[in-house]
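Have a look at structure-v2.pdb; it's PDB, C-alpha atoms:
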ATOM      1  CA  MET A 910      15.081   3.548 -19.910  1.00  0.00           C
ATOM      2  CA  LYS A 911      15.678  -0.159 -19.266  1.00  0.00           C
ATOM      3  CA  PRO A 912      15.789  -1.191 -15.567  1.00  0.00           C
ATOM      4  CA  ASP A 913      19.483  -2.191 -15.550  1.00  0.00           C
ATOM      5  CA  LEU A 914      20.562   0.949 -17.387  1.00  0.00           C
ATOM      6  CA  GLU A 915      18.337   3.017 -15.105  1.00  0.00           C
ATOM      7  CA  LEU A 916      19.996   1.522 -12.025  1.00  0.00           C
ATOM      8  CA  GLU A 917      23.459   2.159 -13.409  1.00  0.00           C
ATOM      9  CA  SER A 918      22.524   5.751 -14.235  1.00  0.00           C
ATOM     10  CA  TRP A 919      21.241   6.372 -10.702  1.00  0.00           C
ATOM     11  CA  ARG A 920      24.332   4.741  -9.176  1.00  0.00           C
ATOM     12  CA  GLU A 921      26.708   6.891 -11.219  1.00  0.00           C
ATOM     13  CA  GLN A 922      24.859  10.086 -10.420  1.00  0.00           C
ATOM     14  CA  TRP A 923      24.661   9.678  -6.646  1.00  0.00           C
ATOM     15  CA  GLN A 924      28.282   8.548  -6.497  1.00  0.00           C
ATOM     16  CA  THR A 925      29.369  11.694  -8.311  1.00  0.00           C
ATOM     17  CA  ASP A 926      27.121  13.939  -6.147  1.00  0.00           C
ATOM     18  CA  ALA A 927      25.166  14.965  -9.227  1.00  0.00           C
ATOM     19  CA  LYS A 928      21.618  16.232  -9.079  1.00  0.00           C
ATOM     20  CA  VAL A 929      18.779  13.751  -8.612  1.00  0.00           C
ATOM     21  CA  PRO A 930      18.215  11.992 -11.972  1.00  0.00           C
ATOM     22  CA  ALA A 931      15.132  13.276 -13.774  1.00  0.00           C
ATOM     23  CA  ASP A 932      13.689   9.776 -14.241  1.00  0.00           C
ATOM     24  CA  LEU A 933      14.043   9.069 -10.505  1.00  0.00           C
ATOM     25  CA  ARG A 934      12.317  12.362  -9.697  1.00  0.00           C
ATOM     26  CA  ARG A 935       9.490  11.469 -12.083  1.00  0.00           C
ATOM     27  CA  LYS A 936       9.102   8.009 -10.567  1.00  0.00           C
ATOM     28  CA  VAL A 937       8.920   9.380  -7.017  1.00  0.00           C
ATOM     29  CA  ALA A 938       6.467  12.083  -8.132  1.00  0.00           C
ATOM     30  CA  ARG A 939       4.319   9.476  -9.892  1.00  0.00           C
ATOM     31  CA  ASP A 940       4.293   7.265  -6.803  1.00  0.00           C
ATOM     32  CA  THR A 941       3.339  10.273  -4.670  1.00  0.00           C
ATOM     33  CA  ARG A 942       0.381  10.996  -6.971  1.00  0.00           C
ATOM     34  CA  ASN A 943      -0.676   7.353  -6.721  1.00  0.00           C
ATOM     35  CA  MET A 944      -0.531   7.547  -2.923  1.00  0.00           C
ATOM     36  CA  ARG A 945      -2.701  10.668  -2.942  1.00  0.00           C
ATOM     37  CA  PHE A 946      -5.160   8.955  -5.262  1.00  0.00           C
ATOM     38  CA  MET A 947      -5.321   5.982  -2.885  1.00  0.00           C
ATOM     39  CA  VAL A 948      -6.034   8.275   0.060  1.00  0.00           C
ATOM     40  CA  ALA A 949      -8.828   9.961  -1.917  1.00  0.00           C
ATOM     41  CA  ALA A 950     -10.262   6.536  -2.794  1.00  0.00           C
ATOM     42  CA  GLU A 951     -10.081   5.468   0.854  1.00  0.00           C
ATOM     43  CA  VAL A 952     -11.909   8.626   1.930  1.00  0.00           C
ATOM     44  CA  LEU A 953     -14.588   7.942  -0.681  1.00  0.00           C
ATOM     45  CA  VAL A 954     -15.009   4.348   0.515  1.00  0.00           C
ATOM     46  CA  THR A 955     -15.186   5.496   4.133  1.00  0.00           C
ATOM     47  CA  VAL A 956     -17.855   8.096   3.388  1.00  0.00           C
ATOM     48  CA  THR A 957     -19.855   5.811   1.078  1.00  0.00           C
ATOM     49  CA  ILE A 958     -19.680   2.493   2.921  1.00  0.00           C
ATOM     50  CA  GLY A 959     -19.259   3.797   6.448  1.00  0.00           C
ATOM     51  CA  GLY A 960     -21.841   6.528   6.052  1.00  0.00           C
ATOM     52  CA  GLY A 961     -24.181   4.176   4.205  1.00  0.00           C
ATOM     53  CA  SER A 962     -24.065   1.638   7.022  1.00  0.00           C
ATOM     54  CA  ILE A 963     -25.042   4.312   9.548  1.00  0.00           C
ATOM     55  CA  VAL A 964     -27.909   5.555   7.379  1.00  0.00           C
ATOM     56  CA  TRP A 965     -29.128   1.999   6.841  1.00  0.00           C
ATOM     57  CA  ALA A 966     -28.992   1.224  10.577  1.00  0.00           C
ATOM     58  CA  THR A 967     -30.888   4.456  11.269  1.00  0.00           C
ATOM     59  CA  LEU A 968     -33.613   3.700   8.741  1.00  0.00           C
ATOM     60  CA  GLU A 969     -33.922   0.083   9.909  1.00  0.00           C
ATOM     61  CA  PRO A 970     -33.145   0.146  13.662  1.00  0.00           C
ATOM     62  CA  ARG A 971     -32.684  -3.563  14.272  1.00  0.00           C
ATOM     63  CA  VAL A 972     -29.955  -5.394  16.145  1.00  0.00           C
ATOM     64  CA  GLU A 973     -28.495  -6.984  13.017  1.00  0.00           C
ATOM     65  CA  MET A 974     -28.233  -3.586  11.311  1.00  0.00           C
ATOM     66  CA  PHE A 975     -26.458  -2.140  14.332  1.00  0.00           C
ATOM     67  CA  VAL A 976     -24.037  -5.101  14.277  1.00  0.00           C
ATOM     68  CA  LEU A 977     -23.408  -4.517  10.577  1.00  0.00           C
ATOM     69  CA  ALA A 978     -22.670  -0.807  11.088  1.00  0.00           C
ATOM     70  CA  VAL A 979     -20.299  -1.504  13.984  1.00  0.00           C
ATOM     71  CA  ALA A 980     -18.461  -4.191  11.990  1.00  0.00           C
ATOM     72  CA  VAL A 981     -18.120  -1.890   8.979  1.00  0.00           C
ATOM     73  CA  TRP A 982     -16.527   0.815  11.109  1.00  0.00           C
ATOM     74  CA  ILE A 983     -14.196  -1.678  12.791  1.00  0.00           C
ATOM     75  CA  PHE A 984     -12.977  -2.834   9.385  1.00  0.00           C
ATOM     76  CA  LEU A 985     -12.607   0.766   8.199  1.00  0.00           C
ATOM     77  CA  ALA A 986     -10.664   1.710  11.329  1.00  0.00           C
ATOM     78  CA  ALA A 987      -8.347  -1.270  10.837  1.00  0.00           C
ATOM     79  CA  ALA A 988      -7.776  -0.337   7.203  1.00  0.00           C
ATOM     80  CA  TRP A 989      -7.022   3.301   8.048  1.00  0.00           C
ATOM     81  CA  THR A 990      -4.648   2.294  10.843  1.00  0.00           C
ATOM     82  CA  ALA A 991      -2.716   0.028   8.494  1.00  0.00           C
ATOM     83  CA  ALA A 992      -2.657   2.715   5.794  1.00  0.00           C
ATOM     84  CA  VAL A 993      -1.251   5.331   8.155  1.00  0.00           C
ATOM     85  CA  ILE A 994       1.400   2.950   9.512  1.00  0.00           C
ATOM     86  CA  THR A 995       2.571   1.646   6.129  1.00  0.00           C
ATOM     87  CA  ARG A 996       2.802   5.169   4.658  1.00  0.00           C
ATOM     88  CA  ARG A 997       4.508   6.759   7.634  1.00  0.00           C
ATOM     89  CA  GLY A 998       7.642   8.596   6.519  1.00  0.00           C
ATOM     90  CA  ALA A 999       6.992   7.690   2.876  1.00  0.00           C
ATOM     91  CA  TRP A1000       5.488  10.920   1.567  1.00  0.00           C
ATOM     92  CA  SER A1001       8.648  12.820   0.671  1.00  0.00           C
ATOM     93  CA  PRO A1002      12.436  12.379   0.757  1.00  0.00           C
ATOM     94  CA  ALA A1003      14.395  13.701   3.735  1.00  0.00           C
ATOM     95  CA  ALA A1004      16.534  15.793   1.376  1.00  0.00           C
ATOM     96  CA  VAL A1005      16.829  16.503  -2.339  1.00  0.00           C
ATOM     97  CA  THR A1006      19.577  13.984  -3.034  1.00  0.00           C
ATOM     98  CA  THR A1007      19.634  10.838  -5.112  1.00  0.00           C
ATOM     99  CA  ALA A1008      20.402   8.783  -1.995  1.00  0.00           C
ATOM    100  CA  ASP A1009      17.336  10.105  -0.171  1.00  0.00           C
ATOM    101  CA  PHE A1010      15.097   9.575  -3.194  1.00  0.00           C
ATOM    102  CA  ILE A1011      16.268   5.962  -3.395  1.00  0.00           C
ATOM    103  CA  GLU A1012      15.786   5.504   0.350  1.00  0.00           C
ATOM    104  CA  LEU A1013      12.225   6.836  -0.018  1.00  0.00           C
ATOM    105  CA  SER A1014      11.548   4.402  -2.863  1.00  0.00           C
ATOM    106  CA  ILE A1015      12.787   1.491  -0.727  1.00  0.00           C
ATOM    107  CA  ARG A1016      10.599   2.598   2.174  1.00  0.00           C
ATOM    108  CA  ARG A1017       7.591   2.778  -0.136  1.00  0.00           C
ATOM    109  CA  CYS A1018       8.223  -0.720  -1.491  1.00  0.00           C
ATOM    110  CA  ARG A1019       8.396  -2.138   2.015  1.00  0.00           C
ATOM    111  CA  GLY A1020       5.220  -0.284   2.938  1.00  0.00           C
ATOM    112  CA  LYS A1021       3.420  -1.710  -0.083  1.00  0.00           C
ATOM    113  CA  LEU A1022       4.441  -5.253   0.820  1.00  0.00           C
ATOM    114  CA  ALA A1023       3.305  -4.764   4.426  1.00  0.00           C
ATOM    115  CA  ALA A1024      -0.010  -3.331   3.204  1.00  0.00           C
ATOM    116  CA  ALA A1025      -0.476  -6.305   0.881  1.00  0.00           C
ATOM    117  CA  ARG A1026       0.046  -8.769   3.725  1.00  0.00           C
ATOM    118  CA  PHE A1027      -2.451  -6.904   5.877  1.00  0.00           C
ATOM    119  CA  GLY A1028      -4.875  -6.686   2.942  1.00  0.00           C
ATOM    120  CA  VAL A1029      -5.089 -10.470   2.655  1.00  0.00           C
ATOM    121  CA  GLY A1030      -6.048 -10.860   6.301  1.00  0.00           C
ATOM    122  CA  LEU A1031      -8.537  -8.002   6.160  1.00  0.00           C
ATOM    123  CA  TYR A1032     -10.149  -9.368   2.992  1.00  0.00           C
ATOM    124  CA  PHE A1033     -10.808 -12.812   4.478  1.00  0.00           C
ATOM    125  CA  ALA A1034     -11.995 -11.317   7.780  1.00  0.00           C
ATOM    126  CA  GLU A1035     -14.471  -9.119   5.892  1.00  0.00           C
ATOM    127  CA  MET A1036     -15.670 -11.973   3.702  1.00  0.00           C
ATOM    128  CA  ALA A1037     -16.109 -14.270   6.715  1.00  0.00           C
ATOM    129  CA  PHE A1038     -18.196 -11.639   8.472  1.00  0.00           C
ATOM    130  CA  CYS A1039     -20.246 -10.781   5.377  1.00  0.00           C
ATOM    131  CA  LEU A1040     -21.105 -14.382   4.597  1.00  0.00           C
ATOM    132  CA  THR A1041     -21.969 -15.079   8.242  1.00  0.00           C
ATOM    133  CA  TRP A1042     -24.131 -11.959   8.403  1.00  0.00           C
ATOM    134  CA  LEU A1043     -25.889 -12.702   5.107  1.00  0.00           C
ATOM    135  CA  TYR A1044     -26.558 -16.345   5.964  1.00  0.00           C
ATOM    136  CA  ARG A1045     -27.666 -15.766   9.562  1.00  0.00           C
ATOM    137  CA  ASP A1046     -31.266 -16.194   8.437  1.00  0.00           C
ATOM    138  CA  PRO A1047     -32.023 -19.642   6.912  1.00  0.00           C
ATOM    139  CA  ALA A1048     -34.569 -18.016   4.606  1.00  0.00           C
ATOM    140  CA  ARG A1049     -31.804 -15.936   3.004  1.00  0.00           C
ATOM    141  CA  ARG A1050     -29.380 -18.754   2.348  1.00  0.00           C
ATOM    142  CA  VAL A1051     -29.185 -18.392  -1.406  1.00  0.00           C
ATOM    143  CA  PRO A1052     -26.004 -19.421  -3.267  1.00  0.00           C
ATOM    144  CA  GLY A1053     -25.412 -15.996  -4.865  1.00  0.00           C
ATOM    145  CA  PRO A1054     -23.061 -14.433  -2.259  1.00  0.00           C
ATOM    146  CA  ALA A1055     -21.016 -17.627  -1.901  1.00  0.00           C
ATOM    147  CA  ILE A1056     -20.628 -17.832  -5.687  1.00  0.00           C
ATOM    148  CA  VAL A1057     -19.472 -14.201  -5.839  1.00  0.00           C
ATOM    149  CA  PHE A1058     -16.964 -14.902  -3.062  1.00  0.00           C
ATOM    150  CA  GLY A1059     -15.738 -17.992  -4.919  1.00  0.00           C
ATOM    151  CA  VAL A1060     -15.200 -15.997  -8.128  1.00  0.00           C
ATOM    152  CA  VAL A1061     -13.800 -12.781  -6.650  1.00  0.00           C
ATOM    153  CA  THR A1062     -11.330 -14.421  -4.253  1.00  0.00           C
ATOM    154  CA  PRO A1063      -9.097 -16.103  -6.887  1.00  0.00           C
ATOM    155  CA  VAL A1064      -9.058 -12.890  -8.945  1.00  0.00           C
ATOM    156  CA  PHE A1065      -8.101 -10.887  -5.845  1.00  0.00           C
ATOM    157  CA  LEU A1066      -5.351 -13.319  -4.850  1.00  0.00           C
ATOM    158  CA  ILE A1067      -3.901 -13.511  -8.375  1.00  0.00           C
ATOM    159  CA  GLY A1068      -3.861  -9.725  -8.668  1.00  0.00           C
ATOM    160  CA  LEU A1069      -2.274  -9.400  -5.238  1.00  0.00           C
ATOM    161  CA  ALA A1070       0.371 -12.001  -6.051  1.00  0.00           C
ATOM    162  CA  ARG A1071       1.303 -10.111  -9.196  1.00  0.00           C
ATOM    163  CA  PHE A1072       1.459  -6.833  -7.282  1.00  0.00           C
ATOM    164  CA  ARG A1073       3.712  -8.366  -4.623  1.00  0.00           C
ATOM    165  CA  ARG A1074       5.967  -9.951  -7.245  1.00  0.00           C
ATOM    166  CA  ASN A1075       6.415  -6.643  -9.071  1.00  0.00           C
ATOM    167  CA  THR A1076       7.024  -4.755  -5.831  1.00  0.00           C
ATOM    168  CA  ARG A1077       9.590  -7.304  -4.652  1.00  0.00           C
ATOM    169  CA  ARG A1078      11.359  -7.036  -7.996  1.00  0.00           C
ATOM    170  CA  GLU A1079      11.501  -3.252  -7.673  1.00  0.00           C
ATOM    171  CA  LEU A1080      12.747  -3.525  -4.073  1.00  0.00           C
ATOM    172  CA  ALA A1081      15.461  -5.986  -5.126  1.00  0.00           C
ATOM    173  CA  ARG A1082      16.624  -3.575  -7.850  1.00  0.00           C
ATOM    174  CA  LEU A1083      16.819  -0.707  -5.375  1.00  0.00           C
ATOM    175  CA  GLN A1084      18.660  -2.799  -2.792  1.00  0.00           C
ATOM    176  CA  GLU A1085      21.077  -3.940  -5.487  1.00  0.00           C
ATOM    177  CA  LEU A1086      21.757  -0.293  -6.231  1.00  0.00           C
ATOM    178  CA  VAL A1087      22.432   0.449  -2.553  1.00  0.00           C
ATOM    179  CA  GLU A1088      24.642  -2.596  -2.058  1.00  0.00           C
ATOM    180  CA  GLY A1089      26.627  -1.740  -5.179  1.00  0.00           C
ATOM    181  CA  GLY A1090      27.545   1.713  -3.908  1.00  0.00           C
ATOM    182  CA  ALA A1091      30.659   2.073  -1.781  1.00  0.00           C
ATOM    183  CA  GLY A1092      29.980   3.979   1.399  1.00  0.00           C
ATOM    184  CA  PHE A1093      26.290   4.407   0.673  1.00  0.00           C
ATOM    185  CA  SER A1094      23.828   3.986   3.506  1.00  0.00           C
ATOM    186  CA  LEU A1095      20.039   3.801   3.622  1.00  0.00           C
ATOM    187  CA  GLN A1096      20.023   7.111   5.448  1.00  0.00           C
ATOM    188  CA  GLY A1097      21.319   8.806   2.332  1.00  0.00           C
ATOM    189  CA  ARG A1098      24.743   9.533   3.884  1.00  0.00           C
ATOM    190  CA  ASP A1099      28.248   8.361   3.273  1.00  0.00           C
ATOM    191  CA  SER A1100      28.680   5.561   5.828  1.00  0.00           C
ATOM    192  CA  SER A1101      32.318   6.572   6.275  1.00  0.00           C
ATOM    193  CA  ARG A1102      31.256   9.930   7.728  1.00  0.00           C
ATOM    194  CA  PRO A1103      30.240  10.313  11.374  1.00  0.00           C
ATOM    195  CA  VAL A1104      26.524  10.789  11.873  1.00  0.00           C
ATOM    196  CA  ALA A1105      25.412  13.477  14.286  1.00  0.00           C
ATOM    197  CA  HIS A1106      22.793  12.285  16.782  1.00  0.00           C
ATOM    198  CA  ARG A1107      19.590  14.308  16.904  1.00  0.00           C
TER     199      ARG A1107
END
Just dump the structure as structure tokens.
Amino acid sequence: MKPDLELESWREQWQTDAKVPADLRRKVARDTRNMRFMVAAEVLVTVTIGGGSIVWATLEPRVEMFVLAVAVWIFLAAAWTAAVITRRGAWSPAAVTTADFIELSIRRCRGKLAAARFGVGLYFAEMAFCLTWLYRDPARRVPGPAIVFGVVTPVFLIGLARFRRNTRRELARLQELVEGGAGFSLQGRDSSRPVAHR
């Protein structure tokens, strides 16, 4: 279904109190699977990189190896903290209504954009540390790592820019849907009805 027609379909169905559109359900389910995959990948990275740094520091008990292991775990902790914060409340809709499914999709888009902003800062912090750590010894100052950084960074930034552009486009579509609905609120309720405080 084309984006504009998809939006119009969703708008008509939540305004008429119909069931959640099948394509919206599929999109939310697909995004949930992607989130679970990302968590699994993050666990794998934590075990592989984090565990590997500890093993390496144990096998080669030197100050620089201890510094490397500590830095790795600081970066991992920062990444996990950001992941938990940006995914908070974004795992499932509050209720099985079209409004709540759309609200969840908006929350996920905003979380993705926040994660992308954090990712840029974390990437450059990690690269700055890695290059400093690798080049601490004058005898090891070979151009290889700097060349890799110079090649990988533009690719990373281009990919991230595309991801952010697509996510912003999706968020704009969802917000257009919300703004086009009379009495619709981001809490999935008719704004003309009183809301009970919990």
Original post:
Do you have the CA of Val952 (chain A)-CA of Ile994 (chain A) distance handy?
Top reply: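 Taking CA of Val952 (chain A) as the start and CA of Ile994 (chain A) as the end point, the length is 16.3 Å.
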Subject >> Selected residue, from A:Asp1046, A:Glu1035, A:Glu1088, A:Glu1079, that lies nearest to Val981 (chain A) when counting only C-alpha atoms >> reply: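 For Val981 (chain A), the nearest of the candidates is A:Glu1035.
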Subject >> Atom pair CA of Arg939 (chain A) / CA of Tyr1032 (chain A): separation (Å) >> reply: 27.0 Å
Could you work out an axis-aligned bounding box for all listed atoms of region 1009-1022 of chain A, with 5 Å added on each of the six sides, and give its centre and edge lengths in Å to one decimal, as JSON?
{"center_x": 10.4, "center_y": 2.4, "center_z": -0.2, "size_x": 23.9, "size_y": 25.4, "size_z": 16.3}
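You will find CA of Leu1013 (chain A) at 6.0 Å from CA of Ala999 (chain A).
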Using the chain letters and numbers from this file, what does the PyMOL selection byres ((chain A and resi 1003) around 12) select? Give the answer as an mmCIF file with C-alpha atoms, keeping the file's coordinate frame.
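Written out: part.cif:
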data_model
loop_
_atom_site.group_PDB
_atom_site.id
_atom_site.type_symbol
_atom_site.label_atom_id
_atom_site.label_comp_id
_atom_site.auth_asym_id
_atom_site.auth_seq_id
_atom_site.Cartn_x
_atom_site.Cartn_y
_atom_site.Cartn_z
ATOM 1 C CA GLY A 998 7.642 8.596 6.519
ATOM 2 C CA ALA A 999 6.992 7.690 2.876
ATOM 3 C CA TRP A 1000 5.488 10.920 1.567
ATOM 4 C CA SER A 1001 8.648 12.820 0.671
ATOM 5 C CA PRO A 1002 12.436 12.379 0.757
ATOM 6 C CA ALA A 1004 16.534 15.793 1.376
ATOM 7 C CA VAL A 1005 16.829 16.503 -2.339
ATOM 8 C CA THR A 1006 19.577 13.984 -3.034
ATOM 9 C CA THR A 1007 19.634 10.838 -5.112
ATOM 10 C CA ALA A 1008 20.402 8.783 -1.995
ATOM 11 C CA ASP A 1009 17.336 10.105 -0.171
ATOM 12 C CA PHE A 1010 15.097 9.575 -3.194
ATOM 13 C CA ILE A 1011 16.268 5.962 -3.395
ATOM 14 C CA GLU A 1012 15.786 5.504 0.350
ATOM 15 C CA LEU A 1013 12.225 6.836 -0.018
ATOM 16 C CA SER A 1014 11.548 4.402 -2.863
ATOM 17 C CA ARG A 1016 10.599 2.598 2.174
ATOM 18 C CA LEU A 1095 20.039 3.801 3.622
ATOM 19 C CA GLN A 1096 20.023 7.111 5.448
ATOM 20 C CA GLY A 1097 21.319 8.806 2.332
ATOM 21 C CA ARG A 1098 24.743 9.533 3.884
#
Original post:
If you apply the PyMOL selection byres ((chain A and resi 975-979) around 9) to this file, what residues do you get, as number ranges by chain?
Top reply: A: 959-963, 965-967, 969-974, 980-984, 1039, 1042
**OP:** Using the chain letters and numbering of this document, enumerate as a PyMOL selection string the residues selected by the PyMOL selection byres ((chain A and resi 1027) around 12).
**Re:** chain A and resi 984+987-992+994-995+1020-1026+1028-1034+1069
Residue subset to file, keeping C-alpha atoms, as a PDB file, in the coordinates of the input:
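This went into again-v7.pdb:
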ATOM      1  CA  PHE A 984     -12.977  -2.834   9.385  1.00  0.00           C
ATOM      2  CA  ALA A 987      -8.347  -1.270  10.837  1.00  0.00           C
ATOM      3  CA  ALA A 988      -7.776  -0.337   7.203  1.00  0.00           C
ATOM      4  CA  TRP A 989      -7.022   3.301   8.048  1.00  0.00           C
ATOM      5  CA  THR A 990      -4.648   2.294  10.843  1.00  0.00           C
ATOM      6  CA  ALA A 991      -2.716   0.028   8.494  1.00  0.00           C
ATOM      7  CA  ALA A 992      -2.657   2.715   5.794  1.00  0.00           C
ATOM      8  CA  ILE A 994       1.400   2.950   9.512  1.00  0.00           C
ATOM      9  CA  THR A 995       2.571   1.646   6.129  1.00  0.00           C
ATOM     10  CA  GLY A1020       5.220  -0.284   2.938  1.00  0.00           C
ATOM     11  CA  LYS A1021       3.420  -1.710  -0.083  1.00  0.00           C
ATOM     12  CA  LEU A1022       4.441  -5.253   0.820  1.00  0.00           C
ATOM     13  CA  ALA A1023       3.305  -4.764   4.426  1.00  0.00           C
ATOM     14  CA  ALA A1024      -0.010  -3.331   3.204  1.00  0.00           C
ATOM     15  CA  ALA A1025      -0.476  -6.305   0.881  1.00  0.00           C
ATOM     16  CA  ARG A1026       0.046  -8.769   3.725  1.00  0.00           C
ATOM     17  CA  GLY A1028      -4.875  -6.686   2.942  1.00  0.00           C
ATOM     18  CA  VAL A1029      -5.089 -10.470   2.655  1.00  0.00           C
ATOM     19  CA  GLY A1030      -6.048 -10.860   6.301  1.00  0.00           C
ATOM     20  CA  LEU A1031      -8.537  -8.002   6.160  1.00  0.00           C
ATOM     21  CA  TYR A1032     -10.149  -9.368   2.992  1.00  0.00           C
ATOM     22  CA  PHE A1033     -10.808 -12.812   4.478  1.00  0.00           C
ATOM     23  CA  ALA A1034     -11.995 -11.317   7.780  1.00  0.00           C
ATOM     24  CA  LEU A1069      -2.274  -9.400  -5.238  1.00  0.00           C
TER      25      LEU A1069
END
Can you list, as a short mmCIF file (atom, residue, chain, number, x, y, z; two decimals) with C-alpha atoms, in the coordinates of the input, every protein, DNA or RNA residue that comes within 10 Å of Met1036 (chain A) when you count all atoms listed in the file, leaving out same-chain residues fewer than 6 positions away?
data_model
loop_
_atom_site.label_atom_id
_atom_site.label_comp_id
_atom_site.auth_asym_id
_atom_site.auth_seq_id
_atom_site.Cartn_x
_atom_site.Cartn_y
_atom_site.Cartn_z
CA TRP A 1042 -24.13 -11.96 8.40
CA PRO A 1054 -23.06 -14.43 -2.26
CA ALA A 1055 -21.02 -17.63 -1.90
CA PHE A 1058 -16.96 -14.90 -3.06
CA THR A 1062 -11.33 -14.42 -4.25
#
